[in-house]
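> Let me give you the structure first, and then I'll get to my questions.
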Amino acid sequence: FPVTICASSNIDKIINQHKGEVIIGVELEVENFPNDIEQSSKGLDFTSDGSLRNNGIEAVTRPNTKIGTLNVVKEFWSKFNIESDKNFSDRTSIHVHANVTHFNSKQIRSLVLLYSLFEDILFDVVSPERKDNIFCVPWSQAGMHVGNYQRVWTHASSWQKYTALNLRPIASQGTVEFRHMQGHADFDLLANWLTIIEELMLAAERMDHDSIYKSVINLNTSSDYGKFLSEVFPLSASYLSAKSPFYRDWETDRKSTRLNSSHLKLSRMPSSA
């Protein structure tokens with residue numbers, strides 16, 4: 001991999017305490033935040049860069065497990081009476097950083113390959129308009145997909161941060177960033193989303209890259225796709241298939257045009273300055 005993975009001593013302790021679990025951090029963009037209450041909540045840091053309107057803030061969870069993160073977010077939503085209708089707009093989103101400080105080059109490659117295959121399914125979990133949001137551009141719309149996923153290596157050192165799966169933090173923070181999710185205060189939706197990310201990261205860590213590649217090129221029937229989906233997402237496969245028209249396309253047409261689309265160019269990505 002042409003980018004050095006950032007090592008973080010700050011996260012070593014929690015990694016050692018939770019071996020075998022994915023360590024994550026979540027950025028919660030919130031508008032209409034009460035300005036008469038101290039910005040303080042357990043396990044969170046607060047920032048504001050002026051990009052949000054109506055007294056908008058960004059609440060960032062500290063590195064934690066999925067369960068720990070969900071508890072922190074739930075307490076935050078409750079403490080400040082955060083509600084989907086009141087505190088979120090099309091300008092807000094939820095970004096999830098997943099730790100890769102312990103990944104080797106082949107495990108990063110496995111993640112890229114698996115993500116390339118399942119990107120459309122992941123977008124079917126979030127709001128439909130997110131796929132057209134210039135701040136979370138799908139890889140497939142930037143010309144990168146499972147058919148040419150190795151293009152990632154030629155762009156890694158100058159990666160644009162507004163791609164749906166942002167690889168840029170690998171070098172600076174030792175994480176990859178999932179930018180897909182819209183802003184909301186739906187606990188079940190967030191829990192399902194974090195489980196999906198957790199399973200994708202664990203699959204990339206445990207599955208050999210060459211074996212993944214061979215499996216992908218040999219997917220010939222709908223049952224093959226279903227089996228592979230279940231292998232990567234053992235807990236979330238049913239949820240994903242129920243949410244995803246793309247998965248149902250696989251069931252009726254294994255050569256879905258969406259799997260092979262690469263119509264838009266990298267120029268669609270906004271500047272990351």
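Quick note on naming: the chains in the structure tokens go A, B, ... in the order shown, residues restart at 1 in each chain, and ligands are numbered from 1 in order of appearance.
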For A:Asn71, find every residue with an atom within 10 Å (counting only C-alpha atoms), except residues of its own chain fewer than 5 positions away, and show them as a ChimeraX atom specification.
/A:42-43,65-66,76,187
> Please return as a short mmCIF file (atom, residue, chain, number, x, y, z; two decimals) with N, CA, C and O atoms, in the first residue's frame: the residues of stretch 109-244 of chain A that backbone DSSP assigns to alpha helix (DSSP H).

data_model
loop_
_atom_site.label_atom_id
_atom_site.label_comp_id
_atom_site.auth_asym_id
_atom_site.auth_seq_id
_atom_site.Cartn_x
_atom_site.Cartn_y
_atom_site.Cartn_z
N ARG A 109 -5.92 -3.98 1.34
CA ARG A 109 -6.37 -4.39 0.00
C ARG A 109 -7.67 -5.19 0.09
O ARG A 109 -8.57 -5.03 -0.74
N SER A 110 -7.78 -6.05 1.08
CA SER A 110 -9.01 -6.82 1.26
C SER A 110 -10.19 -5.90 1.54
O SER A 110 -11.28 -6.07 1.00
N LEU A 111 -9.96 -4.90 2.38
CA LEU A 111 -11.02 -3.94 2.68
C LEU A 111 -11.46 -3.20 1.43
O LEU A 111 -12.66 -3.04 1.17
N VAL A 112 -10.51 -2.75 0.64
CA VAL A 112 -10.82 -2.02 -0.59
C VAL A 112 -11.62 -2.89 -1.55
O VAL A 112 -12.60 -2.45 -2.16
N LEU A 113 -11.21 -4.15 -1.70
CA LEU A 113 -11.90 -5.06 -2.60
C LEU A 113 -13.32 -5.34 -2.12
O LEU A 113 -14.29 -5.27 -2.90
N LEU A 114 -13.47 -5.65 -0.85
CA LEU A 114 -14.81 -5.93 -0.30
C LEU A 114 -15.71 -4.70 -0.39
O LEU A 114 -16.88 -4.80 -0.76
N TYR A 115 -15.16 -3.54 -0.05
CA TYR A 115 -15.96 -2.33 -0.14
C TYR A 115 -16.39 -2.07 -1.59
O TYR A 115 -17.55 -1.69 -1.84
N SER A 116 -15.47 -2.26 -2.54
CA SER A 116 -15.81 -2.04 -3.95
C SER A 116 -16.98 -2.92 -4.37
O SER A 116 -17.86 -2.48 -5.13
N LEU A 117 -17.00 -4.14 -3.89
CA LEU A 117 -18.08 -5.05 -4.24
C LEU A 117 -19.40 -4.65 -3.61
O LEU A 117 -20.46 -4.71 -4.25
N PHE A 118 -19.37 -4.20 -2.36
CA PHE A 118 -20.60 -3.99 -1.60
C PHE A 118 -21.02 -2.52 -1.46
O PHE A 118 -21.97 -2.23 -0.74
N GLU A 119 -20.34 -1.62 -2.14
CA GLU A 119 -20.66 -0.20 -1.95
C GLU A 119 -22.12 0.12 -2.20
O GLU A 119 -22.77 0.84 -1.44
N ASP A 120 -22.69 -0.39 -3.28
CA ASP A 120 -24.08 -0.07 -3.60
C ASP A 120 -25.03 -0.57 -2.51
O ASP A 120 -26.04 0.08 -2.20
N ILE A 121 -24.73 -1.72 -1.95
CA ILE A 121 -25.57 -2.26 -0.88
C ILE A 121 -25.51 -1.34 0.34
O ILE A 121 -26.54 -1.07 0.98
N LEU A 122 -24.33 -0.84 0.65
CA LEU A 122 -24.19 0.06 1.80
C LEU A 122 -24.99 1.34 1.58
O LEU A 122 -25.63 1.85 2.51
N PHE A 123 -24.99 1.85 0.37
CA PHE A 123 -25.75 3.06 0.08
C PHE A 123 -27.25 2.82 0.18
O PHE A 123 -28.02 3.76 0.43
N VAL A 152 -7.22 2.22 -6.86
CA VAL A 152 -7.07 2.90 -5.57
C VAL A 152 -5.59 3.17 -5.28
O VAL A 152 -5.22 4.22 -4.75
N TRP A 153 -4.73 2.23 -5.62
CA TRP A 153 -3.31 2.37 -5.27
C TRP A 153 -2.69 3.58 -5.97
O TRP A 153 -1.78 4.21 -5.44
N THR A 154 -3.16 3.92 -7.16
CA THR A 154 -2.58 5.04 -7.88
C THR A 154 -3.09 6.38 -7.36
O THR A 154 -2.53 7.42 -7.68
N HIS A 155 -4.15 6.36 -6.53
CA HIS A 155 -4.72 7.60 -6.00
C HIS A 155 -4.55 7.73 -4.49
O HIS A 155 -4.94 8.75 -3.91
N PRO A 169 -7.54 9.39 5.96
CA PRO A 169 -7.11 9.36 7.37
C PRO A 169 -6.19 8.19 7.72
O PRO A 169 -5.69 8.14 8.85
N ILE A 170 -5.96 7.25 6.79
CA ILE A 170 -5.05 6.14 7.09
C ILE A 170 -3.69 6.68 7.51
O ILE A 170 -3.10 6.23 8.50
N ALA A 171 -3.20 7.67 6.78
CA ALA A 171 -1.87 8.20 7.05
C ALA A 171 -1.83 9.15 8.23
O ALA A 171 -0.83 9.22 8.95
N SER A 172 -2.93 9.89 8.47
CA SER A 172 -2.92 10.91 9.51
C SER A 172 -3.47 10.43 10.85
O SER A 172 -3.05 10.89 11.91
N PHE A 187 -31.68 5.38 16.95
CA PHE A 187 -30.71 4.50 17.58
C PHE A 187 -30.57 3.17 16.83
O PHE A 187 -29.45 2.68 16.62
N ASP A 188 -31.68 2.57 16.43
CA ASP A 188 -31.62 1.28 15.74
C ASP A 188 -30.89 1.39 14.41
O ASP A 188 -30.10 0.49 14.04
N LEU A 189 -31.13 2.47 13.68
CA LEU A 189 -30.45 2.67 12.40
C LEU A 189 -28.95 2.80 12.61
O LEU A 189 -28.15 2.20 11.88
N LEU A 190 -28.54 3.58 13.61
CA LEU A 190 -27.11 3.73 13.88
C LEU A 190 -26.50 2.41 14.34
O LEU A 190 -25.40 2.05 13.90
N ALA A 191 -27.20 1.67 15.19
CA ALA A 191 -26.69 0.39 15.67
C ALA A 191 -26.48 -0.58 14.51
O ALA A 191 -25.46 -1.27 14.43
N ASN A 192 -27.45 -0.63 13.59
CA ASN A 192 -27.31 -1.50 12.42
C ASN A 192 -26.16 -1.06 11.54
O ASN A 192 -25.40 -1.90 11.02
N TRP A 193 -26.01 0.24 11.37
CA TRP A 193 -24.94 0.76 10.52
C TRP A 193 -23.56 0.43 11.12
O TRP A 193 -22.65 0.00 10.39
N LEU A 194 -23.41 0.59 12.40
CA LEU A 194 -22.13 0.29 13.04
C LEU A 194 -21.83 -1.21 12.98
O LEU A 194 -20.66 -1.61 12.85
N THR A 195 -22.86 -2.03 13.07
CA THR A 195 -22.66 -3.49 12.95
C THR A 195 -22.18 -3.85 11.56
O THR A 195 -21.28 -4.68 11.38
N ILE A 196 -22.76 -3.23 10.55
CA ILE A 196 -22.35 -3.47 9.16
C ILE A 196 -20.89 -3.09 8.97
O ILE A 196 -20.10 -3.86 8.38
N ILE A 197 -20.50 -1.91 9.46
CA ILE A 197 -19.11 -1.47 9.34
C ILE A 197 -18.18 -2.41 10.11
O ILE A 197 -17.11 -2.80 9.61
N GLU A 198 -18.59 -2.78 11.30
CA GLU A 198 -17.79 -3.70 12.11
C GLU A 198 -17.57 -5.02 11.38
O GLU A 198 -16.44 -5.54 11.33
N GLU A 199 -18.61 -5.56 10.78
CA GLU A 199 -18.47 -6.85 10.08
C GLU A 199 -17.60 -6.72 8.84
O GLU A 199 -16.83 -7.64 8.52
N LEU A 200 -17.71 -5.60 8.14
CA LEU A 200 -16.86 -5.39 6.97
C LEU A 200 -15.39 -5.32 7.38
O LEU A 200 -14.52 -5.92 6.73
N MET A 201 -15.10 -4.60 8.45
CA MET A 201 -13.72 -4.47 8.92
C MET A 201 -13.18 -5.82 9.40
O MET A 201 -12.02 -6.17 9.10
N LEU A 202 -13.97 -6.58 10.13
CA LEU A 202 -13.52 -7.89 10.61
C LEU A 202 -13.29 -8.86 9.46
O LEU A 202 -12.34 -9.66 9.49
N ALA A 203 -14.14 -8.79 8.44
CA ALA A 203 -13.96 -9.65 7.27
C ALA A 203 -12.66 -9.32 6.55
O ALA A 203 -11.91 -10.21 6.14
N ALA A 204 -12.39 -8.02 6.39
CA ALA A 204 -11.15 -7.61 5.73
C ALA A 204 -9.93 -8.06 6.51
O ALA A 204 -8.88 -8.38 5.93
N GLU A 205 -10.07 -8.08 7.83
CA GLU A 205 -8.95 -8.49 8.68
C GLU A 205 -8.70 -9.99 8.63
O GLU A 205 -7.54 -10.43 8.62
N ARG A 206 -9.76 -10.79 8.57
CA ARG A 206 -9.58 -12.24 8.70
C ARG A 206 -9.49 -12.96 7.35
O ARG A 206 -8.90 -14.05 7.26
N HIS A 209 -6.74 -11.84 1.05
CA HIS A 209 -7.07 -11.03 -0.12
C HIS A 209 -7.19 -11.88 -1.39
O HIS A 209 -8.14 -11.74 -2.17
N ASP A 210 -6.23 -12.76 -1.62
CA ASP A 210 -6.26 -13.57 -2.85
C ASP A 210 -7.48 -14.49 -2.88
O ASP A 210 -8.08 -14.69 -3.94
N SER A 211 -7.86 -15.01 -1.72
CA SER A 211 -9.05 -15.86 -1.66
C SER A 211 -10.32 -15.06 -1.92
O SER A 211 -11.24 -15.54 -2.60
N ILE A 212 -10.37 -13.83 -1.39
CA ILE A 212 -11.51 -12.95 -1.67
C ILE A 212 -11.62 -12.71 -3.16
O ILE A 212 -12.70 -12.82 -3.76
N TYR A 213 -10.50 -12.37 -3.79
CA TYR A 213 -10.51 -12.06 -5.22
C TYR A 213 -11.00 -13.27 -6.03
O TYR A 213 -11.83 -13.12 -6.93
N LYS A 214 -10.52 -14.45 -5.70
CA LYS A 214 -10.95 -15.65 -6.41
C LYS A 214 -12.44 -15.90 -6.20
O LYS A 214 -13.15 -16.29 -7.14
N SER A 215 -12.92 -15.66 -5.00
CA SER A 215 -14.34 -15.85 -4.72
C SER A 215 -15.18 -14.88 -5.54
O SER A 215 -16.21 -15.25 -6.11
N VAL A 216 -14.73 -13.61 -5.61
CA VAL A 216 -15.49 -12.58 -6.32
C VAL A 216 -15.60 -12.90 -7.80
O VAL A 216 -16.68 -12.82 -8.40
N ILE A 217 -14.49 -13.29 -8.43
CA ILE A 217 -14.53 -13.53 -9.88
C ILE A 217 -15.28 -14.81 -10.22
O ILE A 217 -15.65 -15.04 -11.37
N SER A 222 -27.07 -16.49 -8.09
CA SER A 222 -27.61 -15.68 -7.00
C SER A 222 -27.29 -16.31 -5.65
O SER A 222 -27.05 -15.61 -4.67
N SER A 223 -27.29 -17.63 -5.59
CA SER A 223 -26.98 -18.29 -4.32
C SER A 223 -25.52 -18.06 -3.94
O SER A 223 -25.19 -17.96 -2.75
N ASP A 224 -24.63 -17.95 -4.94
CA ASP A 224 -23.23 -17.63 -4.66
C ASP A 224 -23.13 -16.26 -4.01
O ASP A 224 -22.39 -16.06 -3.04
N TYR A 225 -23.86 -15.29 -4.56
CA TYR A 225 -23.83 -13.94 -4.01
C TYR A 225 -24.39 -13.93 -2.58
O TYR A 225 -23.84 -13.27 -1.69
N GLY A 226 -25.48 -14.65 -2.38
CA GLY A 226 -26.07 -14.70 -1.05
C GLY A 226 -25.13 -15.32 -0.03
O GLY A 226 -25.01 -14.84 1.10
N LYS A 227 -24.45 -16.39 -0.44
CA LYS A 227 -23.51 -17.06 0.45
C LYS A 227 -22.35 -16.15 0.81
O LYS A 227 -21.92 -16.08 1.97
N PHE A 228 -21.85 -15.42 -0.19
CA PHE A 228 -20.71 -14.54 0.06
C PHE A 228 -21.12 -13.35 0.93
O PHE A 228 -20.38 -12.93 1.81
N LEU A 229 -22.31 -12.83 0.69
CA LEU A 229 -22.83 -11.75 1.53
C LEU A 229 -22.90 -12.21 2.98
O LEU A 229 -22.51 -11.48 3.91
N SER A 230 -23.38 -13.42 3.20
CA SER A 230 -23.50 -13.96 4.56
C SER A 230 -22.14 -14.22 5.19
O SER A 230 -21.98 -14.13 6.40
N GLU A 231 -21.15 -14.54 4.36
CA GLU A 231 -19.81 -14.79 4.87
C GLU A 231 -19.17 -13.50 5.37
O GLU A 231 -18.50 -13.48 6.41
N VAL A 232 -19.39 -12.41 4.64
CA VAL A 232 -18.81 -11.13 5.01
C VAL A 232 -19.61 -10.46 6.12
O VAL A 232 -19.04 -9.86 7.05
N ALA A 237 -26.55 -9.82 7.05
CA ALA A 237 -26.92 -10.21 5.69
C ALA A 237 -28.42 -10.08 5.43
O ALA A 237 -28.84 -9.56 4.39
N SER A 238 -29.24 -10.53 6.36
CA SER A 238 -30.69 -10.45 6.18
C SER A 238 -31.16 -9.00 6.15
O SER A 238 -32.00 -8.62 5.33
N TYR A 239 -30.61 -8.20 7.04
CA TYR A 239 -30.95 -6.77 7.08
C TYR A 239 -30.58 -6.09 5.77
O TYR A 239 -31.35 -5.32 5.20
N LEU A 240 -29.38 -6.39 5.27
CA LEU A 240 -28.91 -5.78 4.03
C LEU A 240 -29.75 -6.21 2.84
O LEU A 240 -30.14 -5.38 2.00
N SER A 241 -30.05 -7.49 2.75
CA SER A 241 -30.82 -7.97 1.60
C SER A 241 -32.24 -7.41 1.61
O SER A 241 -32.82 -7.14 0.56
N ALA A 242 -32.80 -7.20 2.80
CA ALA A 242 -34.14 -6.62 2.89
C ALA A 242 -34.14 -5.14 2.52
O ALA A 242 -35.11 -4.64 1.95
N LYS A 243 -33.04 -4.45 2.80
CA LYS A 243 -32.94 -3.03 2.51
C LYS A 243 -32.58 -2.74 1.06
O LYS A 243 -32.85 -1.65 0.56
#
> I want to know what sits within 12 Å of A:Gly68, based on only C-alpha atoms, with residues of the same chain fewer than 4 positions away left out; could you give that as a list in words?
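The neighbour list is Ile14, His18, Glu21, Val22, Ile23, Ile24, Gly25, Val26, Lys42, Gly43, Leu44, Thr61, Arg62, Pro63, Asn64, Val72, Val73, Lys74, Glu75, Ala191 and Leu194 of chain A.
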> For C-alpha atoms, I'd like the residues from the last selection saved as a PDB file, in the first residue's frame.

ATOM      1  CA  ILE A  14      -8.280   0.318  24.282  1.00  0.00           C
ATOM      2  CA  HIS A  18     -10.846  -5.220  23.432  1.00  0.00           C
ATOM      3  CA  GLU A  21     -13.258  -5.968  18.328  1.00  0.00           C
ATOM      4  CA  VAL A  22     -13.325  -3.026  15.933  1.00  0.00           C
ATOM      5  CA  ILE A  23     -12.424   0.292  17.543  1.00  0.00           C
ATOM      6  CA  ILE A  24     -14.372   3.196  16.105  1.00  0.00           C
ATOM      7  CA  GLY A  25     -15.051   6.881  16.508  1.00  0.00           C
ATOM      8  CA  VAL A  26     -18.196   8.665  15.335  1.00  0.00           C
ATOM      9  CA  LYS A  42     -19.315  11.679  28.669  1.00  0.00           C
ATOM     10  CA  GLY A  43     -17.045  10.181  26.015  1.00  0.00           C
ATOM     11  CA  LEU A  44     -17.491  13.092  23.594  1.00  0.00           C
ATOM     12  CA  THR A  61     -16.878  10.214  20.241  1.00  0.00           C
ATOM     13  CA  ARG A  62     -13.550   9.055  21.629  1.00  0.00           C
ATOM     14  CA  PRO A  63     -12.149   5.706  20.408  1.00  0.00           C
ATOM     15  CA  ASN A  64     -14.372   2.925  21.669  1.00  0.00           C
ATOM     16  CA  VAL A  72     -22.111   7.378  24.485  1.00  0.00           C
ATOM     17  CA  VAL A  73     -24.280   8.515  21.558  1.00  0.00           C
ATOM     18  CA  LYS A  74     -27.506   7.457  23.259  1.00  0.00           C
ATOM     19  CA  GLU A  75     -26.589   9.442  26.379  1.00  0.00           C
ATOM     20  CA  ALA A 191     -26.686   0.388  15.668  1.00  0.00           C
ATOM     21  CA  LEU A 194     -22.129   0.285  13.042  1.00  0.00           C
TER      22      LEU A 194
END
> Using DSSP secondary structure from the backbone, list all strand (DSSP E) positions within stretch 24-245 of chain A, as a PDB file with N, CA, C and O atoms, in the first residue's frame.

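File out_15.pdb, as written:
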ATOM      1  N   ILE A  24     -13.825   2.178  16.990  1.00  0.00           N
ATOM      2  CA  ILE A  24     -14.372   3.196  16.105  1.00  0.00           C
ATOM      3  C   ILE A  24     -14.484   4.539  16.822  1.00  0.00           C
ATOM      4  O   ILE A  24     -14.389   4.625  18.036  1.00  0.00           O
ATOM      5  N   GLY A  25     -14.694   5.555  16.014  1.00  0.00           N
ATOM      6  CA  GLY A  25     -15.051   6.881  16.508  1.00  0.00           C
ATOM      7  C   GLY A  25     -16.111   7.435  15.578  1.00  0.00           C
ATOM      8  O   GLY A  25     -16.074   7.206  14.370  1.00  0.00           O
ATOM      9  N   VAL A  26     -17.077   8.158  16.130  1.00  0.00           N
ATOM     10  CA  VAL A  26     -18.196   8.665  15.335  1.00  0.00           C
ATOM     11  C   VAL A  26     -18.255  10.188  15.434  1.00  0.00           C
ATOM     12  O   VAL A  26     -18.151  10.745  16.526  1.00  0.00           O
ATOM     13  N   GLU A  27     -18.402  10.831  14.287  1.00  0.00           N
ATOM     14  CA  GLU A  27     -18.580  12.282  14.229  1.00  0.00           C
ATOM     15  C   GLU A  27     -20.058  12.566  13.963  1.00  0.00           C
ATOM     16  O   GLU A  27     -20.610  12.147  12.943  1.00  0.00           O
ATOM     17  N   LEU A  28     -20.687  13.263  14.881  1.00  0.00           N
ATOM     18  CA  LEU A  28     -22.124  13.558  14.793  1.00  0.00           C
ATOM     19  C   LEU A  28     -22.313  15.046  14.508  1.00  0.00           C
ATOM     20  O   LEU A  28     -22.008  15.893  15.354  1.00  0.00           O
ATOM     21  N   GLU A  29     -22.802  15.373  13.327  1.00  0.00           N
ATOM     22  CA  GLU A  29     -23.084  16.767  12.984  1.00  0.00           C
ATOM     23  C   GLU A  29     -24.517  17.095  13.387  1.00  0.00           C
ATOM     24  O   GLU A  29     -25.464  16.406  12.972  1.00  0.00           O
ATOM     25  N   VAL A  30     -24.664  18.146  14.197  1.00  0.00           N
ATOM     26  CA  VAL A  30     -25.965  18.495  14.763  1.00  0.00           C
ATOM     27  C   VAL A  30     -26.211  19.989  14.581  1.00  0.00           C
ATOM     28  O   VAL A  30     -25.319  20.807  14.847  1.00  0.00           O
ATOM     29  N   LEU A  44     -17.364  12.267  24.797  1.00  0.00           N
ATOM     30  CA  LEU A  44     -17.491  13.092  23.594  1.00  0.00           C
ATOM     31  C   LEU A  44     -16.628  14.337  23.693  1.00  0.00           C
ATOM     32  O   LEU A  44     -16.408  14.879  24.775  1.00  0.00           O
ATOM     33  N   ASP A  45     -16.166  14.803  22.532  1.00  0.00           N
ATOM     34  CA  ASP A  45     -15.543  16.105  22.408  1.00  0.00           C
ATOM     35  C   ASP A  45     -16.368  16.926  21.422  1.00  0.00           C
ATOM     36  O   ASP A  45     -16.942  16.377  20.472  1.00  0.00           O
ATOM     37  N   PHE A  46     -16.437  18.234  21.632  1.00  0.00           N
ATOM     38  CA  PHE A  46     -17.253  19.109  20.805  1.00  0.00           C
ATOM     39  C   PHE A  46     -16.372  20.056  19.998  1.00  0.00           C
ATOM     40  O   PHE A  46     -15.404  20.616  20.530  1.00  0.00           O
ATOM     41  N   THR A  47     -16.715  20.231  18.724  1.00  0.00           N
ATOM     42  CA  THR A  47     -16.006  21.170  17.869  1.00  0.00           C
ATOM     43  C   THR A  47     -17.016  21.912  17.006  1.00  0.00           C
ATOM     44  O   THR A  47     -18.176  21.495  16.876  1.00  0.00           O
ATOM     45  N   ILE A  57     -22.991  22.156  15.667  1.00  0.00           N
ATOM     46  CA  ILE A  57     -21.772  21.655  16.308  1.00  0.00           C
ATOM     47  C   ILE A  57     -21.474  20.256  15.780  1.00  0.00           C
ATOM     48  O   ILE A  57     -22.327  19.604  15.155  1.00  0.00           O
ATOM     49  N   GLU A  58     -20.261  19.814  16.043  1.00  0.00           N
ATOM     50  CA  GLU A  58     -19.885  18.433  15.744  1.00  0.00           C
ATOM     51  C   GLU A  58     -19.459  17.775  17.039  1.00  0.00           C
ATOM     52  O   GLU A  58     -18.537  18.244  17.703  1.00  0.00           O
ATOM     53  N   ALA A  59     -20.151  16.724  17.403  1.00  0.00           N
ATOM     54  CA  ALA A  59     -19.820  15.948  18.598  1.00  0.00           C
ATOM     55  C   ALA A  59     -19.057  14.703  18.152  1.00  0.00           C
ATOM     56  O   ALA A  59     -19.553  13.940  17.308  1.00  0.00           O
ATOM     57  N   VAL A  60     -17.870  14.505  18.697  1.00  0.00           N
ATOM     58  CA  VAL A  60     -16.981  13.431  18.251  1.00  0.00           C
ATOM     59  C   VAL A  60     -16.745  12.459  19.397  1.00  0.00           C
ATOM     60  O   VAL A  60     -16.234  12.849  20.464  1.00  0.00           O
ATOM     61  N   THR A  61     -17.109  11.204  19.197  1.00  0.00           N
ATOM     62  CA  THR A  61     -16.878  10.214  20.241  1.00  0.00           C
ATOM     63  C   THR A  61     -15.401   9.840  20.291  1.00  0.00           C
ATOM     64  O   THR A  61     -14.705   9.839  19.276  1.00  0.00           O
ATOM     65  N   SER A  93     -24.510  15.036   8.738  1.00  0.00           N
ATOM     66  CA  SER A  93     -24.206  13.634   8.461  1.00  0.00           C
ATOM     67  C   SER A  93     -23.547  12.996   9.683  1.00  0.00           C
ATOM     68  O   SER A  93     -23.220  13.668  10.662  1.00  0.00           O
ATOM     69  N   ILE A  94     -23.403  11.696   9.601  1.00  0.00           N
ATOM     70  CA  ILE A  94     -22.718  10.929  10.636  1.00  0.00           C
ATOM     71  C   ILE A  94     -21.550  10.204   9.975  1.00  0.00           C
ATOM     72  O   ILE A  94     -21.754   9.403   9.055  1.00  0.00           O
ATOM     73  N   HIS A  95     -20.346  10.503  10.420  1.00  0.00           N
ATOM     74  CA  HIS A  95     -19.149   9.871   9.867  1.00  0.00           C
ATOM     75  C   HIS A  95     -18.579   8.885  10.878  1.00  0.00           C
ATOM     76  O   HIS A  95     -18.493   9.206  12.070  1.00  0.00           O
ATOM     77  N   VAL A  96     -18.200   7.731  10.392  1.00  0.00           N
ATOM     78  CA  VAL A  96     -17.653   6.689  11.269  1.00  0.00           C
ATOM     79  C   VAL A  96     -16.211   6.408  10.878  1.00  0.00           C
ATOM     80  O   VAL A  96     -15.923   6.060   9.723  1.00  0.00           O
ATOM     81  N   HIS A  97     -15.301   6.575  11.830  1.00  0.00           N
ATOM     82  CA  HIS A  97     -13.895   6.219  11.633  1.00  0.00           C
ATOM     83  C   HIS A  97     -13.652   4.842  12.238  1.00  0.00           C
ATOM     84  O   HIS A  97     -14.014   4.599  13.394  1.00  0.00           O
ATOM     85  N   ALA A  98     -13.036   3.953  11.460  1.00  0.00           N
ATOM     86  CA  ALA A  98     -12.698   2.612  11.945  1.00  0.00           C
ATOM     87  C   ALA A  98     -11.182   2.448  11.987  1.00  0.00           C
ATOM     88  O   ALA A  98     -10.484   2.789  11.019  1.00  0.00           O
ATOM     89  N   ASN A  99     -10.680   1.941  13.081  1.00  0.00           N
ATOM     90  CA  ASN A  99      -9.247   1.806  13.291  1.00  0.00           C
ATOM     91  C   ASN A  99      -8.621   0.776  12.344  1.00  0.00           C
ATOM     92  O   ASN A  99      -9.137  -0.331  12.182  1.00  0.00           O
ATOM     93  N   LEU A 165     -16.167   6.212   1.159  1.00  0.00           N
ATOM     94  CA  LEU A 165     -15.176   5.601   2.043  1.00  0.00           C
ATOM     95  C   LEU A 165     -13.886   6.371   1.831  1.00  0.00           C
ATOM     96  O   LEU A 165     -13.251   6.270   0.777  1.00  0.00           O
ATOM     97  N   ASN A 166     -13.501   7.141   2.811  1.00  0.00           N
ATOM     98  CA  ASN A 166     -12.354   8.034   2.711  1.00  0.00           C
ATOM     99  C   ASN A 166     -11.122   7.332   3.281  1.00  0.00           C
ATOM    100  O   ASN A 166     -11.080   6.994   4.465  1.00  0.00           O
ATOM    101  N   THR A 175      -7.029   5.506  10.527  1.00  0.00           N
ATOM    102  CA  THR A 175      -8.422   5.079  10.376  1.00  0.00           C
ATOM    103  C   THR A 175      -8.852   5.191   8.915  1.00  0.00           C
ATOM    104  O   THR A 175      -8.209   5.860   8.110  1.00  0.00           O
ATOM    105  N   VAL A 176      -9.960   4.528   8.608  1.00  0.00           N
ATOM    106  CA  VAL A 176     -10.699   4.801   7.377  1.00  0.00           C
ATOM    107  C   VAL A 176     -12.036   5.398   7.798  1.00  0.00           C
ATOM    108  O   VAL A 176     -12.554   5.098   8.876  1.00  0.00           O
ATOM    109  N   GLU A 177     -12.582   6.263   6.950  1.00  0.00           N
ATOM    110  CA  GLU A 177     -13.775   7.017   7.324  1.00  0.00           C
ATOM    111  C   GLU A 177     -14.942   6.670   6.407  1.00  0.00           C
ATOM    112  O   GLU A 177     -14.862   6.832   5.192  1.00  0.00           O
ATOM    113  N   PHE A 178     -16.036   6.230   7.004  1.00  0.00           N
ATOM    114  CA  PHE A 178     -17.280   5.955   6.280  1.00  0.00           C
ATOM    115  C   PHE A 178     -18.178   7.191   6.389  1.00  0.00           C
ATOM    116  O   PHE A 178     -18.681   7.516   7.460  1.00  0.00           O
ATOM    117  N   ARG A 179     -18.421   7.879   5.254  1.00  0.00           N
ATOM    118  CA  ARG A 179     -19.126   9.154   5.244  1.00  0.00           C
ATOM    119  C   ARG A 179     -20.575   9.027   4.758  1.00  0.00           C
ATOM    120  O   ARG A 179     -21.251  10.028   4.544  1.00  0.00           O
ATOM    121  N   HIS A 180     -21.073   7.822   4.596  1.00  0.00           N
ATOM    122  CA  HIS A 180     -22.343   7.579   3.929  1.00  0.00           C
ATOM    123  C   HIS A 180     -23.578   8.114   4.674  1.00  0.00           C
ATOM    124  O   HIS A 180     -24.519   8.610   4.051  1.00  0.00           O
ATOM    125  N   MET A 181     -23.605   7.987   5.990  1.00  0.00           N
ATOM    126  CA  MET A 181     -24.845   8.120   6.757  1.00  0.00           C
ATOM    127  C   MET A 181     -25.284   9.571   6.933  1.00  0.00           C
ATOM    128  O   MET A 181     -24.494  10.445   7.265  1.00  0.00           O
ATOM    129  N   GLN A 182     -26.560   9.813   6.703  1.00  0.00           N
ATOM    130  CA  GLN A 182     -27.170  11.120   6.939  1.00  0.00           C
ATOM    131  C   GLN A 182     -27.285  11.384   8.437  1.00  0.00           C
ATOM    132  O   GLN A 182     -27.251  10.470   9.250  1.00  0.00           O
TER     133      GLN A 182
END
> State, in Å with one decimal place, the distance from atom CA of A:Tyr162 to atom CA of A:Ile134.
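Going from atom CA of A:Tyr162 over to atom CA of A:Ile134, I get 7.0 Å.
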> Set the distance at 12 Å and use only C-alpha atoms: which residues neighbour A:Ile37 once local chain neighbours fewer than 5 positions away are removed? I'd like the list as a PyMOL selection string.
chain A and resi 79-81
> Just C-alpha atoms for this one: save the residues we selected as a PDB file, in the first residue's frame.

ATOM      1  CA  LYS A  79     -29.027  14.726  27.515  1.00  0.00           C
ATOM      2  CA  PHE A  80     -29.476  17.393  24.838  1.00  0.00           C
ATOM      3  CA  ASN A  81     -32.884  16.240  23.591  1.00  0.00           C
TER       4      ASN A  81
END
> Could you tell me which of A:Trp159, A:Asn35, A:Ala164, A:Asp85 comes closest to A:Ser140 if we count only C-alpha atoms?
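Nearest candidate to A:Ser140 out of A:Trp159, A:Asn35, A:Ala164, A:Asp85: A:Ala164.
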